[in-house]
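Right, one structure below, let's go through it.
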Amino acid sequence: MYEKVKKIVKKIVPKGWVRGNTQTLRKIVAAFYTGSSYECGICHFQMSRFILLENGNKLCPKCGSLPRSRRLCSVMQSEVGIQNKAILHFSPPKSLSERIKKAGPLSYISADYSGEFPASEKIDITSIDKSDESFDLIICFHVLEHVLDDEQAMRELHRITKKGGLCLIQTPFKEGNTYEDASIILPEERRIHFGQEDHVRIYSVQDLMKKLIAAGFNVVERIFEANEGNRMGFSNNETILFAYKK
Ligand SMILES: [Zn+2]
């Protein structure tokens, strides 16, 4: 239902207007979901339910966060820590970016390459214009599956991570081996084969871990489950790779 309405709005309203009025539109949508059964861990909106997307993801009606952003926020707050950390965040969703900044990191740089996310800097992940060992924490969620030379990107991530620092990494995953085919370059074909028009592969967890280890990281696979009642709208069986620099 939500996606149908969104498609209709996209057709009849100019794109620029929607961008400029996102906050207002979200407030209108959120009014229909006000309640107390569920809560977004990013914007703290309390609601009767999350918006259920066609792919099964639960969207926050107020800030538009996805389950993976809420899980990441929870992990950062509960065990990784934000304060006193120099953070680099690739392709940051706006609400999560604002939440992290409010938590008082030592420094926070948001990075985007495609122009899709509001970010403070344009950074090519395969050639990062930052000094060695600049960051305590790097967030690289749903980025590497877009990058042709992903091994170079991982070497760059390792280079700019401080000793003892951490990269939090997630991509879409599949069972078996990574699926990759350099001859598939048309957007429509990439969508069919890799799930999205600008994806160039689908990793398996094991293959991505191997590449990160080859780049120099110590890697731990963590799998997160939603707790009972799932008040915060998490996904089940969600993998995050914790890549540590020795
Ligand atoms: Zn929210």
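Following the order of the structure tokens, first chain is A, next is B, and so on, with residues numbered from 1 inside each chain and ligands from 1 in the order they appear.
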
Mind dumping a table of every range 131-150 of chain A residue within 12 Å of range 192-197 of chain A, with the nearest atom pair and its distance in Å to one decimal, using only C-alpha atoms, sorted by chain and rising number, as a tab-separated table?
residue	atom	partner	partner_atom	distance
A:His142	CA	A:Gln196	CA	11.5
A:Glu145	CA	A:Phe194	CA	8.9
A:His146	CA	A:Gln196	CA	9.3

Protein and nucleic acid residues within 12 Å of ligand 1 (only C-alpha atoms and all ligand atoms) as an NGL selection string: :A and (23 or 26-27 or 30 or 33-34 or 38-47 or 49-51 or 58-67 or 69-70 or 73 or 93-96 or 98-99 or 232-233)

Limited to C-alpha atoms, could you put the picked residues into a file as a PDB file, in the first residue's frame?
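Result saved to again_0.pdb:
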ATOM      1  CA  GLN A  23      10.386  16.138   6.325  1.00  0.00           C
ATOM      2  CA  ARG A  26       7.179  12.141   6.567  1.00  0.00           C
ATOM      3  CA  LYS A  27       5.324  14.056   9.298  1.00  0.00           C
ATOM      4  CA  ALA A  30       3.815   9.374  10.493  1.00  0.00           C
ATOM      5  CA  TYR A  33       1.111   5.426  12.419  1.00  0.00           C
ATOM      6  CA  THR A  34       1.225   7.092  15.841  1.00  0.00           C
ATOM      7  CA  TYR A  38       6.774  -0.118  18.375  1.00  0.00           C
ATOM      8  CA  GLU A  39       9.613   2.353  18.494  1.00  0.00           C
ATOM      9  CA  CYS A  40      12.320   3.494  16.093  1.00  0.00           C
ATOM     10  CA  GLY A  41      15.720   3.352  17.782  1.00  0.00           C
ATOM     11  CA  ILE A  42      17.004   6.148  15.567  1.00  0.00           C
ATOM     12  CA  CYS A  43      14.353   8.896  15.735  1.00  0.00           C
ATOM     13  CA  HIS A  44      12.520   7.464  18.800  1.00  0.00           C
ATOM     14  CA  PHE A  45       9.141   7.779  17.106  1.00  0.00           C
ATOM     15  CA  GLN A  46       6.588   5.564  18.838  1.00  0.00           C
ATOM     16  CA  MET A  47       4.126   3.915  16.505  1.00  0.00           C
ATOM     17  CA  ARG A  49       3.324  -0.418  13.445  1.00  0.00           C
ATOM     18  CA  PHE A  50       6.225  -0.068  11.025  1.00  0.00           C
ATOM     19  CA  ILE A  51       5.524   0.329   7.294  1.00  0.00           C
ATOM     20  CA  LYS A  58      10.155  -2.586   8.104  1.00  0.00           C
ATOM     21  CA  LEU A  59      10.399   1.134   7.395  1.00  0.00           C
ATOM     22  CA  CYS A  60      10.086   3.802  10.093  1.00  0.00           C
ATOM     23  CA  PRO A  61       7.229   6.111   8.983  1.00  0.00           C
ATOM     24  CA  LYS A  62       8.880   9.112  10.650  1.00  0.00           C
ATOM     25  CA  CYS A  63      12.564   9.011   9.670  1.00  0.00           C
ATOM     26  CA  GLY A  64      12.480   6.412   6.881  1.00  0.00           C
ATOM     27  CA  SER A  65      15.051   4.148   8.565  1.00  0.00           C
ATOM     28  CA  LEU A  66      15.443   0.528   7.490  1.00  0.00           C
ATOM     29  CA  PRO A  67      16.015  -2.388   9.904  1.00  0.00           C
ATOM     30  CA  SER A  69      20.210   1.118  10.052  1.00  0.00           C
ATOM     31  CA  ARG A  70      18.351   0.573  13.326  1.00  0.00           C
ATOM     32  CA  CYS A  73      22.616   2.244  15.485  1.00  0.00           C
ATOM     33  CA  PRO A  93      21.103   7.429   5.562  1.00  0.00           C
ATOM     34  CA  LYS A  94      20.229  10.935   6.793  1.00  0.00           C
ATOM     35  CA  SER A  95      18.465   9.972  10.026  1.00  0.00           C
ATOM     36  CA  LEU A  96      21.282   7.653  11.125  1.00  0.00           C
ATOM     37  CA  GLU A  98      22.132  12.830  12.414  1.00  0.00           C
ATOM     38  CA  ARG A  99      21.760  10.359  15.284  1.00  0.00           C
ATOM     39  CA  MET A 232      12.420  -1.972  17.488  1.00  0.00           C
ATOM     40  CA  GLY A 233      11.616  -3.529  14.086  1.00  0.00           C
TER      41      GLY A 233
END

DSSP alpha helix (DSSP H) residues within range 50-227 of chain A, listed as a ChimeraX atom specification: /A:67-75,94-102,150-160,187-194,205-214

Atoms to include: C-alpha atoms. Write the selected residues as a PDB file, in the first residue's frame.
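What ended up in selection-v9.pdb:
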ATOM      1  CA  PRO A  67      16.015  -2.388   9.904  1.00  0.00           C
ATOM      2  CA  ARG A  68      19.726  -2.537   9.051  1.00  0.00           C
ATOM      3  CA  SER A  69      20.210   1.118  10.052  1.00  0.00           C
ATOM      4  CA  ARG A  70      18.351   0.573  13.326  1.00  0.00           C
ATOM      5  CA  ARG A  71      20.479  -2.524  14.036  1.00  0.00           C
ATOM      6  CA  LEU A  72      23.666  -0.639  13.220  1.00  0.00           C
ATOM      7  CA  CYS A  73      22.616   2.244  15.485  1.00  0.00           C
ATOM      8  CA  SER A  74      21.873  -0.197  18.300  1.00  0.00           C
ATOM      9  CA  VAL A  75      25.215  -1.996  17.888  1.00  0.00           C
ATOM     10  CA  LYS A  94      20.229  10.935   6.793  1.00  0.00           C
ATOM     11  CA  SER A  95      18.465   9.972  10.026  1.00  0.00           C
ATOM     12  CA  LEU A  96      21.282   7.653  11.125  1.00  0.00           C
ATOM     13  CA  SER A  97      23.893  10.244  10.250  1.00  0.00           C
ATOM     14  CA  GLU A  98      22.132  12.830  12.414  1.00  0.00           C
ATOM     15  CA  ARG A  99      21.760  10.359  15.284  1.00  0.00           C
ATOM     16  CA  ILE A 100      25.482   9.540  15.293  1.00  0.00           C
ATOM     17  CA  LYS A 101      26.455  13.213  15.178  1.00  0.00           C
ATOM     18  CA  LYS A 102      24.212  13.921  18.185  1.00  0.00           C
ATOM     19  CA  ASP A 150      36.369  -4.178  -4.306  1.00  0.00           C
ATOM     20  CA  GLU A 151      39.729  -5.640  -3.230  1.00  0.00           C
ATOM     21  CA  GLN A 152      41.370  -2.241  -3.757  1.00  0.00           C
ATOM     22  CA  ALA A 153      38.519  -0.652  -1.751  1.00  0.00           C
ATOM     23  CA  MET A 154      39.180  -3.068   1.127  1.00  0.00           C
ATOM     24  CA  ARG A 155      42.912  -2.297   1.054  1.00  0.00           C
ATOM     25  CA  GLU A 156      42.055   1.400   1.256  1.00  0.00           C
ATOM     26  CA  LEU A 157      39.685   0.808   4.174  1.00  0.00           C
ATOM     27  CA  HIS A 158      42.450  -1.077   5.977  1.00  0.00           C
ATOM     28  CA  ARG A 159      44.991   1.656   5.250  1.00  0.00           C
ATOM     29  CA  ILE A 160      42.922   4.473   6.746  1.00  0.00           C
ATOM     30  CA  PRO A 187      21.693  -1.849 -15.627  1.00  0.00           C
ATOM     31  CA  GLU A 188      18.655  -4.011 -16.393  1.00  0.00           C
ATOM     32  CA  GLU A 189      20.799  -7.166 -16.555  1.00  0.00           C
ATOM     33  CA  ARG A 190      22.560  -6.235 -13.335  1.00  0.00           C
ATOM     34  CA  ARG A 191      19.172  -5.843 -11.666  1.00  0.00           C
ATOM     35  CA  ILE A 192      18.153  -9.325 -12.794  1.00  0.00           C
ATOM     36  CA  HIS A 193      21.463 -10.992 -11.860  1.00  0.00           C
ATOM     37  CA  PHE A 194      22.617  -9.020  -8.823  1.00  0.00           C
ATOM     38  CA  VAL A 205      29.701 -14.157   3.747  1.00  0.00           C
ATOM     39  CA  GLN A 206      32.690 -16.494   3.554  1.00  0.00           C
ATOM     40  CA  ASP A 207      34.059 -14.947   0.342  1.00  0.00           C
ATOM     41  CA  LEU A 208      33.740 -11.398   1.649  1.00  0.00           C
ATOM     42  CA  MET A 209      35.453 -12.418   4.883  1.00  0.00           C
ATOM     43  CA  LYS A 210      38.319 -13.965   2.867  1.00  0.00           C
ATOM     44  CA  LYS A 211      38.800 -10.758   0.880  1.00  0.00           C
ATOM     45  CA  LEU A 212      38.794  -8.630   4.051  1.00  0.00           C
ATOM     46  CA  ILE A 213      41.356 -10.935   5.653  1.00  0.00           C
ATOM     47  CA  ALA A 214      43.500 -10.690   2.508  1.00  0.00           C
TER      48      ALA A 214
END

Residue nearest Asn236 in chain A among A:Asn57, A:His89, A:Glu116, A:Ser127 (counting only C-alpha atoms):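 Under the stated criterion, the closest residue is A:Asn57.
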
Near-Cys167 in chain A list (6 Å; only C-alpha atoms; drop same-chain fewer than 6 positions) as a list in words: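 Listed by chain and then number, they are Leu137, Ile138, Ile139 and Ala243 of chain A.
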
Residues of range 101-151 of chain A in strand (DSSP E), written as a ChimeraX atom specification: /A:107-112,121-122,135-141

Writing out the chosen residues with N, CA, C and O atoms as a JSON list (two decimals), in the first residue's frame:
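The resulting file, selection28.json, is shown below:
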[["chain", "number", "residue", "atom", "x", "y", "z"],
["A", 107, "SER", "N", 35.05, 13.05, 15.79],
["A", 107, "SER", "CA", 34.82, 13.69, 14.49],
["A", 107, "SER", "C", 33.95, 12.76, 13.66],
["A", 107, "SER", "O", 33.88, 11.55, 13.91],
["A", 108, "TYR", "N", 33.27, 13.33, 12.67],
["A", 108, "TYR", "CA", 32.36, 12.52, 11.85],
["A", 108, "TYR", "C", 32.40, 13.02, 10.41],
["A", 108, "TYR", "O", 32.09, 14.19, 10.15],
["A", 109, "ILE", "N", 32.80, 12.16, 9.51],
["A", 109, "ILE", "CA", 32.78, 12.50, 8.08],
["A", 109, "ILE", "C", 31.81, 11.55, 7.39],
["A", 109, "ILE", "O", 31.91, 10.32, 7.54],
["A", 110, "SER", "N", 30.86, 12.12, 6.67],
["A", 110, "SER", "CA", 29.97, 11.28, 5.86],
["A", 110, "SER", "C", 30.43, 11.37, 4.41],
["A", 110, "SER", "O", 30.82, 12.44, 3.94],
["A", 111, "ALA", "N", 30.43, 10.22, 3.75],
["A", 111, "ALA", "CA", 31.01, 10.16, 2.41],
["A", 111, "ALA", "C", 30.03, 9.53, 1.42],
["A", 111, "ALA", "O", 29.34, 8.57, 1.74],
["A", 112, "ASP", "N", 29.99, 10.14, 0.24],
["A", 112, "ASP", "CA", 29.13, 9.58, -0.80],
["A", 112, "ASP", "C", 29.87, 9.74, -2.13],
["A", 112, "ASP", "O", 30.68, 10.64, -2.30],
["A", 121, "GLU", "N", 31.40, 14.78, 2.22],
["A", 121, "GLU", "CA", 32.50, 14.70, 1.26],
["A", 121, "GLU", "C", 32.21, 13.68, 0.17],
["A", 121, "GLU", "O", 31.55, 12.67, 0.41],
["A", 122, "LYS", "N", 32.74, 13.95, -1.04],
["A", 122, "LYS", "CA", 32.68, 12.96, -2.11],
["A", 122, "LYS", "C", 33.97, 12.15, -2.06],
["A", 122, "LYS", "O", 35.07, 12.71, -2.18],
["A", 135, "PHE", "N", 41.08, 6.82, 11.09],
["A", 135, "PHE", "CA", 39.75, 6.62, 11.69],
["A", 135, "PHE", "C", 39.72, 5.46, 12.69],
["A", 135, "PHE", "O", 40.31, 4.41, 12.47],
["A", 136, "ASP", "N", 38.97, 5.69, 13.79],
["A", 136, "ASP", "CA", 38.73, 4.62, 14.77],
["A", 136, "ASP", "C", 37.63, 3.69, 14.30],
["A", 136, "ASP", "O", 37.63, 2.51, 14.62],
["A", 137, "LEU", "N", 36.67, 4.28, 13.58],
["A", 137, "LEU", "CA", 35.50, 3.49, 13.19],
["A", 137, "LEU", "C", 35.06, 3.89, 11.78],
["A", 137, "LEU", "O", 34.87, 5.07, 11.50],
["A", 138, "ILE", "N", 34.92, 2.88, 10.92],
["A", 138, "ILE", "CA", 34.43, 3.13, 9.55],
["A", 138, "ILE", "C", 33.18, 2.31, 9.35],
["A", 138, "ILE", "O", 33.14, 1.11, 9.66],
["A", 139, "ILE", "N", 32.15, 2.96, 8.83],
["A", 139, "ILE", "CA", 30.90, 2.26, 8.55],
["A", 139, "ILE", "C", 30.78, 2.12, 7.03],
["A", 139, "ILE", "O", 30.77, 3.12, 6.31],
["A", 140, "CYS", "N", 30.71, 0.88, 6.58],
["A", 140, "CYS", "CA", 30.67, 0.61, 5.14],
["A", 140, "CYS", "C", 29.54, -0.39, 4.88],
["A", 140, "CYS", "O", 29.77, -1.57, 4.65],
["A", 141, "PHE", "N", 28.33, 0.13, 4.94],
["A", 141, "PHE", "CA", 27.13, -0.70, 4.77],
["A", 141, "PHE", "C", 26.60, -0.55, 3.35],
["A", 141, "PHE", "O", 26.32, 0.56, 2.88]]

Counting only C-alpha atoms, the option among A:Phe224, A:Phe173, A:Phe90, A:Phe242 closest to Ser120 in chain A: A:Phe90
